[in-house]
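For reference, the structure is listed below as C-alpha cells.
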Number of protein chains: 4
Amino acid sequence: MGLVKMSGHLLWGGRFRSSTEEAFAKLNESLSVDFRLWPYDLRSAKAWATVLARCGVLDASEERLLHQGLEDVGRRLESGEWDAADDEDVHTLVERLLYDQIGEPAGKLNTGRSRNDQVATDLRLWCLDAVQSVDAEVAALGQALVMQARQGIDLVLPGYTHGQRAQPVRWAYVLLAHAWPLARDRARLKDVADRASELPLGCGALAGSGIAVDRELLRESLGFRRLSPNGLDATGARDFVAEFLFVLALASTDVSRLGAELLTYASAEYGFVRLSEGYCSGSSLLPQKRNPDVLELTRAKSARVLGDLVGVLTVMRGLPAGYSKDLQEDKGFLFDAVDAFLLTLPAIRGAVAEMTADSGRMEAALDHTLLATDLADRLVSAGVPFREAHGLVGNLVQAAETLGRPLTDVPVETASTIHPELPRAIASLGTWVDSIERRATAGGSSRESVEVQIDHLSREFGLPAG
Amino acid sequence: MGLVKMSGHLLWGGRFRSSTEEAFAKLNESLSVDFRLWPYDLRSAKAWATVLARCGVLDASEERLLHQGLEDVGRRLESGEWDAADDEDVHTLVERLLYDQIGEPAGKLNTGRSRNDQVATDLRLWCLDAVQSVDAEVAALGQALVMQARQGIDLVLPGYTHGQRAQPVRWAYVLLAHAWPLARDRARLKDVADRASELPLGCGALAGSGIAVDRELLRESLGFRRLSPNGLDATGARDFVAEFLFVLALASTDVSRLGAELLTYASAEYGFVRLSEGYCSGSSLLPQKRNPDVLELTRAKSARVLGDLVGVLTVMRGLPAGYSKDLQEDKGFLFDAVDAFLLTLPAIRGAVAEMTADSGRMEAALDHTLLATDLADRLVSAGVPFREAHGLVGNLVQAAETLGRPLTDVPVETASTIHPELPRAIASLGTWVDSIERRATAGGSSRESVEVQIDHLSREFGLPAG
Amino acid sequence: MGLVKMSGHLLWGGRFRSSTEEAFAKLNESLSVDFRLWPYDLRSAKAWATVLARCGVLDASEERLLHQGLEDVGRRLESGEWDAADDEDVHTLVERLLYDQIGEPAGKLNTGRSRNDQVATDLRLWCLDAVQSVDAEVAALGQALVMQARQGIDLVLPGYTHGQRAQPVRWAYVLLAHAWPLARDRARLKDVADRASELPLGCGALAGSGIAVDRELLRESLGFRRLSPNGLDATGARDFVAEFLFVLALASTDVSRLGAELLTYASAEYGFVRLSEGYCSGSSLLPQKRNPDVLELTRAKSARVLGDLVGVLTVMRGLPAGYSKDLQEDKGFLFDAVDAFLLTLPAIRGAVAEMTADSGRMEAALDHTLLATDLADRLVSAGVPFREAHGLVGNLVQAAETLGRPLTDVPVETASTIHPELPRAIASLGTWVDSIERRATAGGSSRESVEVQIDHLSREFGLPAG
Amino acid sequence: MGLVKMSGHLLWGGRFRSSTEEAFAKLNESLSVDFRLWPYDLRSAKAWATVLARCGVLDASEERLLHQGLEDVGRRLESGEWDAADDEDVHTLVERLLYDQIGEPAGKLNTGRSRNDQVATDLRLWCLDAVQSVDAEVAALGQALVMQARQGIDLVLPGYTHGQRAQPVRWAYVLLAHAWPLARDRARLKDVADRASELPLGCGALAGSGIAVDRELLRESLGFRRLSPNGLDATGARDFVAEFLFVLALASTDVSRLGAELLTYASAEYGFVRLSEGYCSGSSLLPQKRNPDVLELTRAKSARVLGDLVGVLTVMRGLPAGYSKDLQEDKGFLFDAVDAFLLTLPAIRGAVAEMTADSGRMEAALDHTLLATDLADRLVSAGVPFREAHGLVGNLVQAAETLGRPLTDVPVETASTIHPELPRAIASLGTWVDSIERRATAGGSSRESVEVQIDHLSREFGLPAG
C-alpha cells in the first residue's frame with residue numbers, strides 16, 4: 001500500500017513524522033459525504049469570525065478580509081468546480097480554499113474552534129433546513145390526499161380489516177386515514193427542529209473554547225434557540241440525528257402503508273383506483289404491463305430509512321461522551337434517509353393527485369355481509385344483549401352461506417327461526433349510505449364526520465377551504 | 001393436530017361451523033402477553049358502560065350492575081388466580097369473568113364497541129402510565145449523576161476524545177455530559193405522552209360506532225387530551241407505540257454510553273471509579289474477580305430495545321389502514337422494551353449513586369501533552385495565526401517525544417528554535433485547574449459553567465439545591 | 001433499595017464483603033431465561049465428571065456419586081418443582097441441587113471449569129437440538145406445499161409481477177415458488193448446525209483449563225464435530241447464535257411471503273383460496289367476519305425474528321474477545337426467535353394443508369392481455385425483432401383498451417394495421433394451457449417442469465412419491 | 001412537475017399514451033446504482049445471444065453481429081464516457097448502446113428474456129466476484145493477525161473478561177482469538193457463493209421463457225453450478241443477497257471487536273499497542289492528538305452493514321413470489337455494504353500489520369491477583385473441593401486488599417489461617433509463563449497450543465510456514 005501524497009492542506013500534522021497510508025486515507029475521508037455541508041460551514045465560519053473580532057482575536061480589517069474570503073469561497077464552491085476535491089473533509093476544503101483566497105490570515109479563522117463543535121453546528125444547521133424540506137413535502141402529500149378526499153366523499157366502498165371486507169365506508173374516509181398520520185409526523189418534525197436548535201459552537205474540542213467568545217451572540221446570529229450546555233455532550237451527542245432519522249423512518253412507514261394499500265386497490269381484482277400512466281412503467285418482456293412501480297418503490301424506500309435509523313443508533317451505542325470518530329458515520333445515514341424520502345414524496349404525491357377512483361368497481365365490491373353489524377345493532381335495539389345478537393347474526397351469516405344466498409335474501413322463515421326480529425331488521429337496512437350514516441359518532445365515516453376531517457386537514461396542510 | 005376444546009368463552013363464533021385448530025389457537029392467543037392490560041381494560045369498560053347508559057342502551061340498574069361486576073372482576077384479577085387463564089386475549093377473559101359475575105347482562109357491555117378500538121384505548125392508557133414510570137426512573141438516574149457531580153466538581157481528570165486523552169476537565173463535567181441527554185429524553189417522553197393521549201374508543205371496528213355514544217364524555221372520563229379523528233386511523237395506527245419505543249431505544253442508548261464509559265473507568269488500567277460491591281458479581285472459576293456486570297448489562301440492554309423498535313416498525317410497514325392482526329405483535333415489543341429499561345435504570349442508578357471516584361488515579365492520568373492547546377492559544381495571543389501555532393506546538397510535541405521528555409520539560413533552546421515565544425508560554429501554563437478555567441465559555445468545564453449546569457439539572461431532575 | 005438475602009447458593013463470593021443489591025440482582029439474574037438449558041447443563045456436567053475422573057481429580061466413587069447426583073438433579077428438574085427457583089442462573093441452580101443431593105463432593109464438579117465455557121457448551125448443545133426442531137417444521141411446511149401443488153398442477157391462474165397480472169401459470173407453480181426457498185433454508189440450517197458443532201468445554205474462563213482434561217474425549221462423548229481452538233474465542237464468540245438467528249430471520253421472511261401472498265388470494269376480490277375455519281378467527285363486533293389471522297400472524301412474526309437478529313448483532317458489536325456479561329443477552333434473542341418461529345410453522349403448515357383452491361375464481365381472473373407476450377413471440381417467429389414486436393403488441397393493447405375490447409377481439413383491420421401478422425397470431429393463441437406449455441424451458445410453468453419440481457421437492461421434504 | 005423528455009431508449013412503452021412524470025422517473029431510475037453491473041450484463045447478454053442462435057432465433061451472422069456489438073459496447077462503457085448516462089437502468093443503457101452500435105438487430109437480443117431474469121443473473125454474477133474480493137481481504141487481515149501473533153508468542157499480558165484482568169495469556173493468543181472468527185466467516189462466504197451460484201436466466205419474467213433456449217448450456221457458459229428450478233422463485237428471491245449481507249454484517253461485527261479491543265489497548269492507560277502514524281489522524285484544535293481513527297472507523301462501519309442487512313430483509317418481507325419493484329432496492333444495500341467492508345479491511349489490516357506491541361506496558365499490567373485461580377487449583381491438588389478452594393482464595397484476596405498488599409505477599413500467618421496449604425501454594429506459583437503453561441489443554445494459551453493455532457491459521461490464510 002502506498003502513502004498518500006501530502007500535497008493537500010491538513011488541519012493537523014505538526015506532530016506527525018509520517019504520511020497517511022492510502023488505505024487509511026480512503027477510509028478516513030468524508031468529503032464525498034459531507035461536501036453538501038459547505039454552505040453551513042461557511043455560515044458558521046462567518047459567525048465565528050465575527051465573535052473572534054468582538055473578543056479581539058481579529059482586528060477589523062482581518063474580520064473584513066475573512067468575511068470577504070468566505071464569500072469568495074462560497075462562490076467558488078457554488079460553481080461546482082470543487083465537487084470532486086479530495087480533501088479530508090469539508091472543513092479542510094473550506095480552510096484550504098480560504099488560504100488560497102486570502103493567504104495566511106486564513107489561519108486565524110479556526111482560533112479556539114474545533115472540527116468537533118464545528119461539524120455538530122453545521123449538521124444541526126443542515127437538519128433545520130432539511131426538516132423544513134421534508135415537512136413541506138409531507139404537507140404536499142397531505143394536500144393531495146385531502147383533494148382526492150374532497151372528490152371522493154360520496155364514493156362508497158368496503159372498508160377492510162384483516163384484508164377482508166368489513167363495513168361500507170366513504171372513499172374519502174380511507175384517504176383521510178392516511179392523511180392523519182402525516183399530520184402527526186409533521187408535529188414530530190417540529191419537535192425534531194426544536195431539539196436540533198441548540199448551538200454547539202464555542203464548545204471547542206470537548207472542554208469549552210480557550211477564547212472567550214460570546215456564544216450568545218453566535219446563537220443569535222446563527223438563529224439557534226439555545227446554547228448547548230456542556231461541551232462533551234455537545235460534540236459527542238447525535239440524538240438529534242437519531243430523532244430525525246426516526247421521524248423519517250416512521251413517516252416513510254406511514255407513507256408505505258398508503259403505497260401498499262393503493263397497490264392493492266390498483267390490482268385488476270380490486271380495480272378501485274387507476275394510476276396515471278406517468279407514474280407507471282412497463283415490462284421489458286410483457287407488452288401489456290402497466291406496473292404501479294411508484295407504489296412499490298414508495299413501500300420499499302421505507303426499508304432503507306429504517307436501515308439508516310438502525311445504523312445510527314448502533315453507531316452511538318456504547319460510545320463514551322465526547323467525540324469519537326465513529327460519529328463521522330452519522331451523516332451517511334442521515335443524508336441517505338433524507339434523500340430517499342425526498343425522492344419518494346413528490347412521486348407518491350403526484351401519483352395520488354392524478355389517480356382516478358373507479359366508483360363502479362368500488363360499489364361492485366359491496367356485498368351484503370357488510371351489513372351484519374347493522375343487523376346486530378337492530379337486535380340490540382329490540383333488547384337483545386349485543387353479544388347474543390352478534391351470535392344470532394353470525395348464525396344468519398352461516399345460514400346464508402349454506403343457502404348460497406346474500407345475507408339480505410335469506411328466507412323470512414329461516415331468519416325468524418334464528419330470531420323473530422331478524423326479518424324486520426333485514427327489511428329496514430336501507431342503502432349503503434344509510435349504513436354509513438348510522439355510524440354517526442365523531443371520527444366515523446358519516447358525511448359530517450368526514451367533512452369535519454377535511455376542514456381540519458385542509459387547514460393543517462395549508463389548503464384553501466374547498 | 002387436534003382441535004381446541006371450545007369450553008371457553010369467545011367474542012365471536014356464531015358464523016363458524018368448526019372449532020379452532022390447536023396450532024392456530026396457540027399462535028393466535030395473546031393473553032400471555034396482554035394480560036397486564038386488564039386494569040386498563042376495566043377502566044375503559046367502565047367508561048363505556050357509562051356512555052352506553054347515557055344514550056339509553058343500558059338502563060340505570062344495568063349500568064350499576066355492570067359497574068359493580070367490573071369492580072368484582074378487578075378484584076378477582078388482582079388476586080392472581082387468573083394469571084394462567086387460557087382465554088384468547090385479555091378482552092375475552094374480562095368478558096368471561098363478567099358473565100361469570102353478573103350473567104347475561106354482561107353481553108350488553110360491548111354494544112357498539114370492538115376489540116379494535118378497545119385494545120388501542122387500553123394500550124394508550126397503559127403507555128401513559130408507562131411513560132410516567134420510565135420518566136421517573138430516568139429522572140432518578142439524572143439525580144444520581146448530579147449528586148456525584150456535586151461531589152466531583154473539583155476532581156480533575158483527562159477529558160477524552162477518540163478514546164485518547166485530550167484536555168483536563170472536571171469529573172463533574174463528564175458526569176453531566178451523561179445527564180444532559182437524559183433531560184432531552186424526558187422532553188421526548190413528554191411528547192410521546194402528548195401524542196399518545198388520543199382516545200380511539202367509540203371508533204368501532206373501523207367505521208365509527210353504531211351506537212351514538214358521547215365520545216367527548218368518554219375522553220374526559222378517561223383523561224385523554226383529544227379524540228382520535230378517524231376510525232380507520234385510530235384502530236390501525238401504532239405510531240404512538242413506535243415513538244415510545246424509539247424514545248426508549250434512544251434513552252437506553254444514551255444510558256449505554258454512560259455504562260460503557262464507566263466500564264472503561266472501572267478497569268484496573270484507568271481506575272478512576274470503583275463500583276460498590278453490591279453492583280458487582282464474581283466469577284465461578286476466578287476467585288479474585290469482581291466484575292462490573294451492572295455496567296455491561298446496562299450497555300447490552302439497549303440492544304434489546306433497539307431490536308424491539310426494529311420489530312414494531314417492520315410490523316407496521318406496508319399494512320393498509322385499519323386493523324390487521326399483525327398489529328397484535330406491537331405489545332410484545334413494547335412490553336419487552338419497557339421491562340428491559342425499567343430493569344436497567346434502578347440498577348445503573350444505584351451503581352452510579354454508590355460508586356467512588358479515585359482522585360489520585362484521575363490526577364495520575366493527567367500528562368502534560370494535555371496542555372498543548374493552551375500553548376497554541378498562547379502563541380495566538382502573541383500574534384501567531386492559530387493554524388500556524390497548532391503546527392508549531394505539534395512540532396514541540398514531536399520534539400518532546402523524540403527526547404522522551406514531558407512537553408513542559410523540553411529544553412528552552414529546543415522550544416525557542418520552534419518558536420521564540422514557546423519557552424515563555426510553557427513557563428506560564430500553571431496548574432491543571434488554571435488550564436480548565438482558561439476555557440471559560442458557557443458550556444465549558446470551568447467551575448462556573450459546571451455550577452450553572454448543576455443548578456439547572458438539579459431543577460430538571462427535582463433535586464433540592466445543593 | 002434493599003440488599004438481597006443471601007440464603008441462596010452462589011458460585012462466587014469469597015472475596016466479597018457486601019451482599020448484592022436487589023436492583024442489580026434483578027438485572028443480573030438469568031435463570032428466568034436460561035432455565036431451559038438445564039438438560040444440556042446436566043449432559044455437559046456428566047461428561048465433565050468423566051474427564052475429571054480420567055485425569056485423577058475424582059476417584060471412581062466420587063465420579064459415580066456425581067453421576068448419580070446429576071441424574072437425581074435431572075429428575076427433580078423434570079418434575080417442574082424448580083421452574084420458579086430464584087438462583088442467579090441455571091448453572092448455580094444445578095450446583096445447588098447437586099449439593100443438596102450429595103453434599104460436599106458437589107463442590108468438586110466444577111474443578112477447572114468456568115461458567116464461560118460451560119454456558120457456551122450448553123447453548124451450542126441447545127442449538128443443535130433446536131436446529132433439528134426448526135428443520136423438521138420447515139420440512140413439514142414444505143410437504144404441505146408440495147401436497148397442495150400435486151393437487152393444483154392443472155389449475156391455471158394469472159401469475160403476478162408488480163402485483164399485476166402477468167402471464168398464466170399453474171397453481172402448483174406458485175406454491176412451489178414458496179417451497180424452493182424452504183429447501184435452501186434447510187441447507188442453511190445444516191450449515192448452522194455444522195458450525196455450531198464446536199466444543200468450548202475445557203477452555204476455562206478464557207485461557208484454557210488448569211486441569212489437564214482430555215478435551216477430545218469430551219468432544220466425543222458430547223457429540224461435537226470439532227474442538228474450539230482458542231479459549232478467548234470459544235467463550236466470547238456468539239457468531240453461531242447470530243448465524244442461527246439470521247437463518248431464522250430469513251426463513252421466517254420467506255414464510256412471511258407465503259403468508260402475505262395467500263392473504264391476498266384469500267380476499268373476496270381475488271378469492272383464489274379459502275382457508276379452513278379452524279385457522280380463522282372472528283370479530284368481536286362484526287358477526288360476518290372470518291379473518292385469516294393465521295396468515296397475518298405468519299407475516300408479522302418475521303418482524304419479531306428480525307428484531308432478535310438485530311439485537312444479537314448489536315450486542316456483539318465492539319466487544320473485546322473473551323466473555324463480557326453483555327453476552328448473557330444472547331439467549332433472550334435466540335429463544336424468542338426459535339419460539340416464535342416454532343409457533344408459526346405448525347399453524348401456517350396446517351392452514352396450507354387444509355386450504356381449498358377455487359379453480360373457478362382462478363380461471364375468472366385470466367384475461368386476454370396475459371397473452372400479449374405470446375403475440376410478441378409470434379411476431380418474432382415471423383421475423384420481427386423482439387423489441388419491435390414488443391412495441392407493436394403494446395400498440396395493440398392500447399388499441400384494445402381504447403375500443404374497450406379484449407385483446408383477442410380487436411377487429412382484424414385494426415390489428416393488421418399495426419402489423420399484418422397480428423390477426424394470424426391472435427387466431428393461433430389457443431388455450432391458457434397452450435400458452436403455459438409454450439414456455440417449456442426448465443424451471444418454467446409447463447406441466448413437465450412442474451412435475452420435475454414436485455419430484456425433486458418431494459424427496460427434499462421426505463414425501464413418498466405422489 | 002414536468003414530464004420527462006423521452007429522447008431516450010426504453011425497453012417498454014408501446015402501450016403507453018403518456019410520458020413519464022419527472023418525479024416518478026427520478027424515483028424509478030436505477031442506473032445511478034446498477035451501473036456497475038454492466039460487465040455482468042454484457043457477459044450474460046453474450047451467453048444469451050449464443051443460446052438464441054442455437055435454437056434458431058438468430059442466424060450465424062446475427063449472432064456474430066450481436067457478439068461484436070456487445071464487445072464494442074463493453075469498450076465504450078469501459079471508457080467511462082457513460083458513467084453519467086440517464087437511462088432507466090443498466091439494461092436499458094446496454095440495449096441503447098447496442099442499437100447505437102449495430103442498429104435494428106439489437107432488438108433481437110432480448111427475445112425471450114426479461115429484465116427480471118436478467119438482473120437476477122447479473123447480480124448473482126456480481127456477487128460471485130464480490131464474495132471473492134471480500135474473501136481475499138478477510139484472508140489478508142487474517143494473515144496480518146497471524147504474522148503479529150508469530151512475533152507476539154512470548155509477550156505476556158493480562159487476558160480480560162468483563163473488561164477486567166482475569167489471567168495471564170500470551171499476546172499471540174489474544175490476536176488469534178480475533179483470527180479464528182475470520183476463518184469461520186470465510187467458510188460462510190464459501191456457502192454464500194455456493195448458494196448464489198444458481199442461474200435464473202431463461203426463466204423469463206416469471207413463467208419460463210417463450211423461446212426454448214438451452215438453459216444447461218447457458219449455465220455452463222456463465223459458470224453457474226445449478227439452474228434455478230422455478231421462475232417465480234428465480235426472479236423474486238433475494239435470499240442470496242440477504243445471506244451475503246448477513247455474512248458481511250457478521251464479519252464486520254467480528255472485525256469491529258478487533259478494532260474496539262485494539263482501541264482500548266492503544267489508550268495511554270493501557271498502552272499495549274502503538275499504531276503506526278500512517279493510520280492515525282490529528283485534531284484540528286489539539287496539537288498533541290494522534291487519534292486511532294482507523295480503529296474507530298472499523299468499529300463504526302459494522303453499523304452501516306447491519307443497517308443494510310436490516311434494509312434488505314425488511315424489503316423482502318411480505319412480498320409475493322415473483323418480481324416486485326421493491327426488489328430494485330436490493331442493490332443499494334448490497335453495494336453499500338460491500339463497499340464499506342472493502343474500504344475497512346485494507347485499512348485495519350495495514351494498521352494491524354504495522355502496529356507495535358509494547359511488552360513493557362503489557363508486563364506492567366500483570367498483577368498477582370491474576371494467579372488466584374492457580375492458588376485454588378493448588379488447593380484442589382491438596383484435596384480441597386474446588387468450590388471450597390474458590391471461596392478460600394477469595395478470602396485471601398479480600399485479606400490482601402484489606403492489608404493493601406499483593407496477593408502473593410500476604411503474611412504466612414494470615415494465609416495459613418485461611419487454609420494451611422495456602423502459604424505453600426503461594427510459594428510455588430512461579431512465573432507468569434509458568435501460570436500460562438499450567439493451562440495446557442488444547443485451545444489454551446500455552447505455547448504449544450498457540451503454535452498449533454498459528455500453524456493451522458497460517459494454512460487457512462495462505463501464509464507460508466513461519
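Identifiers in the C-alpha cells: chain A, B, ... in order shown; residue index from 1 per chain; ligand index from 1 in order shown.
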
Just need the residues of chain D within 8 Å of chain B, counting only C-alpha atoms, so spit them out as JSON, numbers by chain.
-> {"D": [162, 163, 164, 165, 166, 263, 264, 267, 268, 269, 270, 285, 286, 287, 288, 289, 291, 292, 293, 296, 314, 365, 369, 370, 372, 373, 376, 390, 391, 393, 394, 397]}

Determine which residues of range 216-255 of chain C receive a DSSP assignment of alpha helix (DSSP H), computed from the backbone, and state them as number ranges by chain.
-> C: 216-222, 231-236, 239-255

Give me the residues within 10 Å of Glu220 in chain D as a ChimeraX atom specification, counting only C-alpha atoms and dropping any in the same chain fewer than 5 places off.
-> /D:47,199,215,225-227

Selection from above, all heavy atoms, as a CSV table (one decimal), in the first residue's frame, can you write it?
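Generated output (part_13.csv):
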```csv
chain,number,residue,atom,x,y,z
D,47,ALA,N,-23.9,-14.7,-23.6
D,47,ALA,CA,-24.3,-16.1,-23.4
D,47,ALA,C,-25.7,-16.3,-24.0
D,47,ALA,O,-26.0,-17.3,-24.6
D,47,ALA,CB,-24.3,-16.5,-22.0
D,199,LEU,N,-28.4,-20.3,-11.7
D,199,LEU,CA,-28.7,-19.5,-12.8
D,199,LEU,C,-30.2,-19.2,-13.1
D,199,LEU,O,-31.0,-20.1,-13.4
D,199,LEU,CB,-28.2,-20.1,-14.1
D,199,LEU,CG,-28.5,-19.3,-15.4
D,199,LEU,CD1,-27.6,-18.1,-15.5
D,199,LEU,CD2,-28.4,-20.3,-16.6
D,215,ARG,N,-31.0,-24.0,-21.3
D,215,ARG,CA,-30.5,-23.4,-20.1
D,215,ARG,C,-29.2,-24.0,-19.6
D,215,ARG,O,-28.4,-23.4,-18.9
D,215,ARG,CB,-31.6,-23.4,-19.0
D,215,ARG,CG,-32.8,-22.5,-19.3
D,215,ARG,CD,-33.7,-22.4,-18.1
D,215,ARG,NE,-33.1,-21.7,-17.0
D,215,ARG,CZ,-33.4,-21.8,-15.7
D,215,ARG,NH1,-34.2,-22.8,-15.4
D,215,ARG,NH2,-32.8,-21.1,-14.8
D,225,ARG,N,-23.4,-23.2,-10.9
D,225,ARG,CA,-23.4,-24.6,-10.5
D,225,ARG,C,-24.7,-25.3,-10.8
D,225,ARG,O,-24.8,-26.5,-11.0
D,225,ARG,CB,-23.1,-24.7,-9.0
D,225,ARG,CG,-21.7,-24.3,-8.7
D,225,ARG,CD,-21.2,-24.7,-7.4
D,225,ARG,NE,-20.0,-23.9,-7.1
D,225,ARG,CZ,-19.4,-23.8,-5.9
D,225,ARG,NH1,-20.0,-24.3,-4.9
D,225,ARG,NH2,-18.3,-23.1,-5.8
D,226,ARG,N,-25.8,-24.5,-10.7
D,226,ARG,CA,-27.1,-25.1,-10.8
D,226,ARG,C,-28.0,-24.2,-11.6
D,226,ARG,O,-27.8,-23.0,-11.7
D,226,ARG,CB,-27.8,-25.3,-9.4
D,226,ARG,CG,-27.2,-26.4,-8.6
D,226,ARG,CD,-27.8,-26.4,-7.2
D,226,ARG,NE,-27.6,-25.1,-6.5
D,226,ARG,CZ,-26.5,-24.7,-6.0
D,226,ARG,NH1,-25.4,-25.5,-6.0
D,226,ARG,NH2,-26.4,-23.5,-5.4
D,227,LEU,N,-29.1,-24.8,-12.1
D,227,LEU,CA,-30.2,-23.9,-12.7
D,227,LEU,C,-31.2,-23.6,-11.6
D,227,LEU,O,-31.5,-24.4,-10.8
D,227,LEU,CB,-30.9,-24.7,-13.8
D,227,LEU,CG,-30.2,-25.1,-15.1
D,227,LEU,CD1,-31.1,-25.8,-16.0
D,227,LEU,CD2,-29.7,-23.8,-15.7
```

Taken to one decimal, the CA of Asn230 in chain A-CA of Cys203 in chain A distance is 7.5 Å

If you run DSSP on this backbone, which residues of range 211-389 of chain D come out as strand (DSSP E or B), and could you give them as a VMD selection string?
-> chain D and resid 226 to 227 273 to 274 281 291 356 to 357

For the residues selected in the previous step, produce a file with N, CA and C atoms as a compact mmCIF listing (two decimals), in the first residue's frame.
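Below is the file that was written, selection36.txt:
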```
# COMPACT_ATOMS: atom_id res chain seq x y z
N ARG D 226 -25.80 -24.52 -10.67
CA ARG D 226 -27.13 -25.11 -10.82
C ARG D 226 -28.04 -24.18 -11.61
N LEU D 227 -29.10 -24.75 -12.14
CA LEU D 227 -30.17 -23.94 -12.71
C LEU D 227 -31.17 -23.60 -11.61
N VAL D 273 -0.43 -1.40 22.74
CA VAL D 273 -0.03 -1.30 21.33
C VAL D 273 0.08 0.16 20.93
N ARG D 274 0.89 0.37 19.93
CA ARG D 274 1.02 1.71 19.37
C ARG D 274 0.83 1.58 17.86
N SER D 281 -4.95 9.99 12.69
CA SER D 281 -5.05 11.36 12.23
C SER D 281 -4.97 12.27 13.44
N ASN D 291 -4.80 10.35 16.85
CA ASN D 291 -6.02 9.60 17.11
C ASN D 291 -6.08 8.30 16.32
N THR D 356 2.81 -1.71 16.79
CA THR D 356 3.89 -2.20 17.63
C THR D 356 3.34 -2.60 18.99
N ALA D 357 3.74 -3.76 19.46
CA ALA D 357 3.32 -4.18 20.80
C ALA D 357 4.35 -3.68 21.81
```

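Omitting Leu37 in chain B and its sequence neighbours fewer than 5 positions away, and counting only C-alpha atoms, the residues within 10 Å are B:Leu31, B:Leu42, B:Asp89, B:Val90, B:His91, B:Val119, B:Asp122, B:Leu123, B:Leu125, B:Trp126, B:Lys331.
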
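Ranking A:Tyr173, A:Glu81, A:Leu275, A:Pro385 by their shortest atom-to-atom distance to Glu448 in chain A, with only C-alpha atoms included, puts A:Tyr173 first.
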
Fewer than 6 positions away in the same chain doesn't count, so skip those; otherwise give me all residues within 9 Å of Ile454 in chain C, counting only C-alpha atoms, as a count of residues only.
-> 8

Got a sec: who's within 9 Å of Thr408 in chain D, counting only C-alpha atoms, leaving out chain neighbours fewer than 3 positions off, as a PyMOL selection string?
-> chain D and resi 368-369+371+400+405+411+423+426-427+429

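CA of Gly13 in chain A is positioned 10.2 Å from CA of Cys280 in chain D.
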
Within 7 Å of range 240-252 of chain A using only C-alpha atoms, minus same-chain residues under 2 positions, as number ranges by chain | A: 182, 185, 188-189, 192, 195-196, 238, 254-256, 302, 305-306, 309, 312-313, 334, 341

Using only N, CA, C and O atoms, please write the residues we just selected to a file, as a tab-separated table (two decimals), in the first residue's frame.
```tsv
chain	number	residue	atom	x	y	z
A	182	LEU	N	-49.83	11.71	8.72
A	182	LEU	CA	-48.90	12.73	8.21
A	182	LEU	C	-48.96	13.99	9.08
A	182	LEU	O	-47.93	14.64	9.32
A	185	ASP	N	-46.90	13.25	11.98
A	185	ASP	CA	-45.48	13.26	11.63
A	185	ASP	C	-44.95	14.68	11.52
A	185	ASP	O	-43.80	14.96	11.86
A	188	ARG	N	-44.13	15.83	14.83
A	188	ARG	CA	-42.86	15.26	15.27
A	188	ARG	C	-41.67	15.99	14.63
A	188	ARG	O	-40.65	16.20	15.27
A	189	LEU	N	-41.84	16.36	13.37
A	189	LEU	CA	-40.76	17.10	12.71
A	189	LEU	C	-40.52	18.43	13.42
A	189	LEU	O	-39.37	18.87	13.56
A	192	VAL	N	-38.47	17.71	16.35
A	192	VAL	CA	-37.09	17.46	15.93
A	192	VAL	C	-36.35	18.80	15.76
A	192	VAL	O	-35.24	18.99	16.24
A	195	ARG	N	-35.58	20.52	19.05
A	195	ARG	CA	-34.45	19.95	19.81
A	195	ARG	C	-33.12	20.08	19.07
A	195	ARG	O	-32.06	20.12	19.68
A	196	ALA	N	-33.19	20.15	17.74
A	196	ALA	CA	-31.94	20.32	16.98
A	196	ALA	C	-31.39	21.74	17.11
A	196	ALA	O	-30.22	21.98	16.85
A	238	ARG	N	-25.48	12.73	19.29
A	238	ARG	CA	-26.13	12.70	17.99
A	238	ARG	C	-27.59	12.30	18.14
A	238	ARG	O	-28.21	11.77	17.22
A	254	ASP	N	-45.40	5.25	7.46
A	254	ASP	CA	-46.79	5.69	7.26
A	254	ASP	C	-47.09	5.79	5.76
A	254	ASP	O	-48.15	5.36	5.30
A	255	VAL	N	-46.16	6.36	5.02
A	255	VAL	CA	-46.38	6.52	3.58
A	255	VAL	C	-46.34	5.16	2.88
A	255	VAL	O	-47.06	4.94	1.90
A	256	SER	N	-45.54	4.24	3.41
A	256	SER	CA	-45.51	2.89	2.82
A	256	SER	C	-46.88	2.22	2.92
A	256	SER	O	-47.26	1.42	2.07
A	302	SER	N	-39.11	2.84	2.48
A	302	SER	CA	-39.17	2.93	3.94
A	302	SER	C	-38.20	1.95	4.60
A	302	SER	O	-37.71	2.19	5.71
A	305	VAL	N	-34.87	3.68	4.93
A	305	VAL	CA	-34.81	4.66	6.01
A	305	VAL	C	-34.70	3.93	7.35
A	305	VAL	O	-33.96	4.36	8.25
A	306	LEU	N	-35.39	2.81	7.48
A	306	LEU	CA	-35.26	2.01	8.70
A	306	LEU	C	-33.83	1.53	8.88
A	306	LEU	O	-33.27	1.60	9.99
A	309	LEU	N	-31.79	4.28	10.26
A	309	LEU	CA	-32.05	4.51	11.69
A	309	LEU	C	-31.30	3.49	12.54
A	309	LEU	O	-30.67	3.83	13.55
A	312	VAL	N	-27.57	4.37	12.72
A	312	VAL	CA	-27.09	5.47	13.57
A	312	VAL	C	-27.22	5.12	15.05
A	312	VAL	O	-26.34	5.45	15.85
A	313	LEU	N	-28.29	4.43	15.41
A	313	LEU	CA	-28.42	4.05	16.82
A	313	LEU	C	-27.33	3.05	17.20
A	313	LEU	O	-26.82	3.07	18.33
A	334	LEU	N	-27.95	9.82	7.67
A	334	LEU	CA	-28.95	10.89	7.64
A	334	LEU	C	-29.21	11.37	6.21
A	334	LEU	O	-30.36	11.51	5.79
A	341	PHE	N	-36.30	9.81	1.16
A	341	PHE	CA	-37.67	10.23	1.43
A	341	PHE	C	-38.06	11.40	0.53
A	341	PHE	O	-39.20	11.46	0.05
```

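The space separating CA of Glu88 in chain B from CA of Trp48 in chain B comes to 21.6 Å.
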